[in-house]
Amino acid sequence: MKKKTTLLTIIIAGMLFGSFFGLAAEGTTQTEEVLVVEQSPYCDIDWDEVYESKGITHAHTSANYPPLDEDAEGSWTGDKHAVNESVLHHEEKDVIDWINLYNHSSSSYPWDAWDDVDTDEIDLDPIHGVEHRQAKHICSLFTPHFRPDDKDELDDVNETLEFIDELGGLSYFAHPNDAWYYDDPSYPRDNHTVEEMIDWWYSEYDSLVGQAIFSGRGREKHWEVERPLYDELVKELGKERPIYAFSELDNRLSYSRLNHLLVEDNTQEEYRNAIENGEFFWSYNVYDTDMPEIEKIETGNGEIRLHTDEDHRERRWVYMNETVATGDVFTADDMVEGQNYVRLEIGEWESEPEYVLGTQPFYITTGDIETETEEPFEITHDSAILQGEISKMDIEEVDVYFRYRKYGQEDWQSSEKQTLKSTGTFEQKVENLREDTYYEFKAVAEWGGNDGLYETTGEVLFFETLSIYRPPPSLSIISPEDSVENLTYEENLTIEGITDPESSVKIDGEEVEVSDETGHFEKIVELNEGLNIIEVIASDENDSTTVEKVYAQYMPEIPEIWEEIEYIFKTVGRIENDLNELEEEHKERLNELENDLNENITTLQEALNRLGNLEEVHDGLQQEISEVKSNITEIKNEIVDLKEESDDEETDFGLLEGALIINSIILALLVIIMIFYIYPKLKTQQNSDENDLKDSDEESTKDKDD
């Protein structure tokens, strides 16, 4: 009954959720939104091979400023003392690996092009270029050496960018807040809109790789102008035209603004590749604080994950100059409406940053992973092949597996994981299941990090394992020999039997010891007065059972009617002795005796017909017994009289003897009915309700017919 109830519950659950034991319609597809990194400058970085090569862009020689030494010469056109002095200063500090050093509108590279500049002991690498001061302060990189007299100073942005293209160089906008966006009446600027910058310059010149996000002129300016301007440009240009952020010095001595190129070797080719593809970080560190180091950045599988050597520094994920998330990981849950990029800043802030290390933008969108649980197949008594499908996958790869458990249990079990790099079905065989058992399962897709931090699951489906036929345990009752009819006057009954040695046995609900070798068991049962039905159950490890019943009729006292039976048999014995002495009697009297016999048989039949009412039967039988006893007494007296009166007459004493024996048998039968049927039934009737009485009457009628 318990299993039927459970089955009904599962059927209802299956109807409610649209699935039933793996035989329902196709499972519902479950969809999870995921982060998709469409473009990242760090996706091809081999983090075990690269290191951060730190350097300065937009650094000036002392020729642009008052001399470092009172005796040194300096001019706007640049001279050897100014160049030599600046190079040796940075070399001595040993903070950077490379420098983009020049005068305004004139290049200082190669340094030995300036007379008497000694470069034999200089390990500092140059990135040659120039600041085009009259053309919105465009800074060129990787352009060859030239002096002002090589070309008239350029004052038009487009002409300057075309000139840099001709030289095969790269460029970026220096301190845009000071070049055109800073509203200062004493220093008028042309305030260009984002649309103008895109249409006039960024969409026309691929060599223009970005602009400054931190410059050397006033922190309030880069905070209020340069960062918001850069973020607006990044959003509008998108992944089709990525631009990169620079932190620049714009002086000759400080190391507060650096760019960290990710290179395998300090060569011009490596430097240019890093800047051209955005494979670098930028930093701001005005207080000379120990800067954090980024060990690596992982993108894909629905997340951007930072690995750094410092745990206490704040991590900010920035979009449109606003922090949208914090921590080491950025996912789809952190995105805001309309967001198409994010960049990371690590540092410490109060009202303004004390120091910050920043990344280039990651261009992002959202995608979906669709997971579906399919119907299982090849279900056996202890195994099944589970099936699922990834119908959509907008990330690089997912780990898939199944969770399953017995129906109604709390804890799930997991199958082995597989890795899918494209959409499709997957399956897994699960084993060691329990036979004839309901299971539920669902497909699982995991992604993100090494441990699968994000997941989506398909709908839960059900299946039932098959059952194996096993014969029930053997069970044989060896004592009492007859388990159906046992009349006893003893209060205790010993029950013995044999079963399979590995089976267990319960007698009337109490477990008894079973021999490990022979399977023998034994128990003494205390009987109740009347009919006892004793149930013996043998069970095996599969919960299969065999049941035997032992019936015992316990009568604690012999009824007085046994004395009557003893008297009858003694009387019959004496009559038989008398009959042996009499050979013949009167034939006429014999006929009368035969008639009396027939009347007694008729009386017995009528008594049997009245078994429907047990009390009436009891009284009737008592009366019939008395009459039969009286008849026998009369017959005995008749025999005596006949013997005295007719010694010479011939009498058929054989028939007379038969009549007496038949009457004796009738009387014995009546007594037996009284003992074995009427007496127990009367005892039972007194304690039964009306329905039990009806059932007892029907059984009595059946026994009467038998």
# chains A, B, ... in the order shown; residues from 1 in each chain; ligands from 1
$ residues_around --residues "Phe280 (chain A)" --least-positions-apart "3" --cutoff "6 Å" --atoms "only C-alpha atoms" --output "VMD selection string"
chain A and resid 260 to 262
$ select_by_dssp --residues "region 363-468 of chain A" --states "strand (DSSP E or B)" --output "PyMOL selection string"
chain A and resi 363-377+384-393+398-406+413-414+418-420+424-430+438-447+454-457+461-464
$ write_last_selection --atoms "C-alpha atoms" --output "CSV table (one decimal), in the first residue's frame"
chain,number,residue,atom,x,y,z
A,363,TYR,CA,34.3,45.0,-24.8
A,364,ILE,CA,31.4,42.9,-23.5
A,365,THR,CA,27.8,41.8,-24.2
A,366,THR,CA,25.5,39.1,-22.9
A,367,GLY,CA,24.7,35.7,-24.3
A,368,ASP,CA,22.7,32.6,-23.3
A,369,ILE,CA,23.4,29.1,-22.3
A,370,GLU,CA,20.4,26.8,-22.9
A,371,THR,CA,20.3,23.5,-21.1
A,372,GLU,CA,17.7,20.7,-21.5
A,373,THR,CA,17.3,17.4,-19.7
A,374,GLU,CA,16.4,14.6,-22.2
A,375,GLU,CA,14.7,11.3,-21.6
A,376,PRO,CA,17.0,8.5,-20.3
A,377,PHE,CA,17.4,5.2,-22.1
A,384,ALA,CA,20.6,4.0,-16.8
A,385,ILE,CA,22.0,6.3,-19.5
A,386,LEU,CA,21.1,9.9,-18.8
A,387,GLN,CA,20.9,12.4,-21.6
A,388,GLY,CA,20.9,16.2,-21.9
A,389,GLU,CA,21.5,18.9,-24.5
A,390,ILE,CA,23.2,22.3,-24.7
A,391,SER,CA,21.1,23.9,-27.4
A,392,LYS,CA,22.8,27.3,-27.2
A,393,MET,CA,26.2,28.3,-25.8
A,398,VAL,CA,31.0,24.5,-20.5
A,399,ASP,CA,31.3,21.5,-18.2
A,400,VAL,CA,28.3,19.3,-18.3
A,401,TYR,CA,27.1,16.4,-16.1
A,402,PHE,CA,24.0,15.1,-14.3
A,403,ARG,CA,22.7,15.3,-10.8
A,404,TYR,CA,20.5,12.4,-9.7
A,405,ARG,CA,19.0,10.9,-6.6
A,406,LYS,CA,16.4,8.5,-5.4
A,413,GLN,CA,24.7,12.6,-6.5
A,414,SER,CA,26.8,13.8,-9.5
A,418,GLN,CA,32.5,16.4,-19.6
A,419,THR,CA,33.6,19.5,-21.4
A,420,LEU,CA,31.6,20.8,-24.4
A,424,GLY,CA,25.0,19.4,-28.8
A,425,THR,CA,23.8,16.4,-26.8
A,426,PHE,CA,25.7,14.7,-24.1
A,427,GLU,CA,25.1,11.5,-22.1
A,428,GLN,CA,26.4,9.7,-19.1
A,429,LYS,CA,25.9,6.2,-17.7
A,430,VAL,CA,25.1,6.1,-14.0
A,438,TYR,CA,12.2,5.7,-8.7
A,439,TYR,CA,15.0,8.3,-9.5
A,440,GLU,CA,15.0,11.9,-10.5
A,441,PHE,CA,17.7,13.7,-12.5
A,442,LYS,CA,18.6,16.9,-14.3
A,443,ALA,CA,21.3,18.0,-16.7
A,444,VAL,CA,23.8,20.6,-15.4
A,445,ALA,CA,26.0,23.1,-17.3
A,446,GLU,CA,28.8,24.9,-15.3
A,447,TRP,CA,31.2,27.6,-16.4
A,454,TYR,CA,28.1,29.5,-12.4
A,455,GLU,CA,25.6,27.0,-13.6
A,456,THR,CA,22.3,26.4,-15.3
A,457,THR,CA,20.2,23.2,-15.0
A,461,LEU,CA,12.8,14.2,-15.1
A,462,PHE,CA,12.1,10.8,-13.6
A,463,PHE,CA,12.8,7.1,-14.3
A,464,GLU,CA,12.3,3.8,-12.6
$ select_by_dssp --residues "region 238-451 of chain A" --states "helix (DSSP H, G or I)" --output "number ranges by chain"
A: 268-276, 332-334
$ closest_residue --among "A:Glu416, A:Asp199, A:Asp436, A:Glu131" --to "Ile164 (chain A)" --atoms "only C-alpha atoms"
A:Glu131
$ closest_residue --among "A:Tyr51, A:Glu276, A:Pro242, A:Val225" --to "Gly169 (chain A)" --atoms "only C-alpha atoms"
A:Glu276
$ closest_residue --among "A:Leu141, A:Leu258, A:Ala325, A:Met320" --to "Arg227 (chain A)" --atoms "only C-alpha atoms"
A:Met320
$ atom_distance --atom1 "CA of Gly327 (chain A)" --atom2 "CA of Arg315 (chain A)"
5.2 Å
$ atom_distance --atom1 "CA of Gly509 (chain A)" --atom2 "CA of Glu491 (chain A)"
19.4 Å
$ residues_around --residues "Ile534 (chain A)" --least-positions-apart "2" --cutoff "8 Å" --atoms "only C-alpha atoms" --output "ChimeraX atom specification"
/A:507-508,532,536,549-551
$ write_last_selection --atoms "all heavy atoms" --output "PDB file, in the first residue's frame"
ATOM      1  N   ILE A 507       8.163 -14.750  14.236  1.00  0.00           N
ATOM      2  CA  ILE A 507       6.995 -15.521  14.643  1.00  0.00           C
ATOM      3  C   ILE A 507       6.126 -14.612  15.491  1.00  0.00           C
ATOM      4  O   ILE A 507       6.558 -14.125  16.543  1.00  0.00           O
ATOM      5  CB  ILE A 507       7.392 -16.781  15.428  1.00  0.00           C
ATOM      6  CG1 ILE A 507       8.237 -17.709  14.533  1.00  0.00           C
ATOM      7  CG2 ILE A 507       6.152 -17.504  15.939  1.00  0.00           C
ATOM      8  CD1 ILE A 507       8.703 -18.973  15.228  1.00  0.00           C
ATOM      9  N   ASP A 508       4.922 -14.363  14.974  1.00  0.00           N
ATOM     10  CA  ASP A 508       4.006 -13.405  15.618  1.00  0.00           C
ATOM     11  C   ASP A 508       4.693 -12.063  15.857  1.00  0.00           C
ATOM     12  O   ASP A 508       4.556 -11.439  16.916  1.00  0.00           O
ATOM     13  CB  ASP A 508       3.478 -13.975  16.936  1.00  0.00           C
ATOM     14  CG  ASP A 508       2.172 -14.733  16.721  1.00  0.00           C
ATOM     15  OD1 ASP A 508       1.706 -14.783  15.561  1.00  0.00           O
ATOM     16  OD2 ASP A 508       1.632 -15.264  17.690  1.00  0.00           O
ATOM     17  N   ASN A 532      -5.967 -20.229  18.078  1.00  0.00           N
ATOM     18  CA  ASN A 532      -4.785 -19.378  17.900  1.00  0.00           C
ATOM     19  C   ASN A 532      -4.275 -19.524  16.461  1.00  0.00           C
ATOM     20  O   ASN A 532      -4.100 -20.650  15.973  1.00  0.00           O
ATOM     21  CB  ASN A 532      -3.663 -19.784  18.859  1.00  0.00           C
ATOM     22  CG  ASN A 532      -4.012 -19.516  20.312  1.00  0.00           C
ATOM     23  OD1 ASN A 532      -3.593 -18.522  20.892  1.00  0.00           O
ATOM     24  ND2 ASN A 532      -4.790 -20.418  20.903  1.00  0.00           N
ATOM     25  N   VAL A 536       4.130 -17.123  10.776  1.00  0.00           N
ATOM     26  CA  VAL A 536       5.577 -17.294  10.662  1.00  0.00           C
ATOM     27  C   VAL A 536       6.013 -16.678   9.331  1.00  0.00           C
ATOM     28  O   VAL A 536       5.514 -17.080   8.272  1.00  0.00           O
ATOM     29  CB  VAL A 536       5.975 -18.778  10.728  1.00  0.00           C
ATOM     30  CG1 VAL A 536       7.493 -18.924  10.657  1.00  0.00           C
ATOM     31  CG2 VAL A 536       5.420 -19.432  11.989  1.00  0.00           C
ATOM     32  N   LYS A 549       1.176 -20.232   8.282  1.00  0.00           N
ATOM     33  CA  LYS A 549       0.347 -20.021   9.471  1.00  0.00           C
ATOM     34  C   LYS A 549       0.140 -21.351  10.197  1.00  0.00           C
ATOM     35  O   LYS A 549      -0.085 -22.393   9.560  1.00  0.00           O
ATOM     36  CB  LYS A 549      -0.996 -19.414   9.103  1.00  0.00           C
ATOM     37  CG  LYS A 549      -0.885 -17.994   8.569  1.00  0.00           C
ATOM     38  CD  LYS A 549      -2.240 -17.390   8.288  1.00  0.00           C
ATOM     39  CE  LYS A 549      -2.096 -15.958   7.792  1.00  0.00           C
ATOM     40  NZ  LYS A 549      -3.406 -15.327   7.499  1.00  0.00           N
ATOM     41  N   VAL A 550       0.253 -21.291  11.503  1.00  0.00           N
ATOM     42  CA  VAL A 550       0.029 -22.453  12.362  1.00  0.00           C
ATOM     43  C   VAL A 550      -1.248 -22.203  13.165  1.00  0.00           C
ATOM     44  O   VAL A 550      -1.379 -21.159  13.826  1.00  0.00           O
ATOM     45  CB  VAL A 550       1.232 -22.685  13.302  1.00  0.00           C
ATOM     46  CG1 VAL A 550       0.930 -23.847  14.245  1.00  0.00           C
ATOM     47  CG2 VAL A 550       2.489 -22.952  12.501  1.00  0.00           C
ATOM     48  N   TYR A 551      -2.187 -23.172  13.109  1.00  0.00           N
ATOM     49  CA  TYR A 551      -3.455 -23.060  13.822  1.00  0.00           C
ATOM     50  C   TYR A 551      -3.417 -23.993  15.037  1.00  0.00           C
ATOM     51  O   TYR A 551      -3.067 -25.177  14.906  1.00  0.00           O
ATOM     52  CB  TYR A 551      -4.623 -23.434  12.924  1.00  0.00           C
ATOM     53  CG  TYR A 551      -4.773 -22.534  11.723  1.00  0.00           C
ATOM     54  CD1 TYR A 551      -4.037 -22.756  10.563  1.00  0.00           C
ATOM     55  CD2 TYR A 551      -5.653 -21.460  11.758  1.00  0.00           C
ATOM     56  CE1 TYR A 551      -4.165 -21.934   9.466  1.00  0.00           C
ATOM     57  CE2 TYR A 551      -5.802 -20.618  10.659  1.00  0.00           C
ATOM     58  CZ  TYR A 551      -5.050 -20.867   9.519  1.00  0.00           C
ATOM     59  OH  TYR A 551      -5.188 -20.046   8.441  1.00  0.00           O
TER      60      TYR A 551
END
$ atom_distance --atom1 "CA of Arg434 (chain A)" --atom2 "CA of Lys506 (chain A)"
25.5 Å
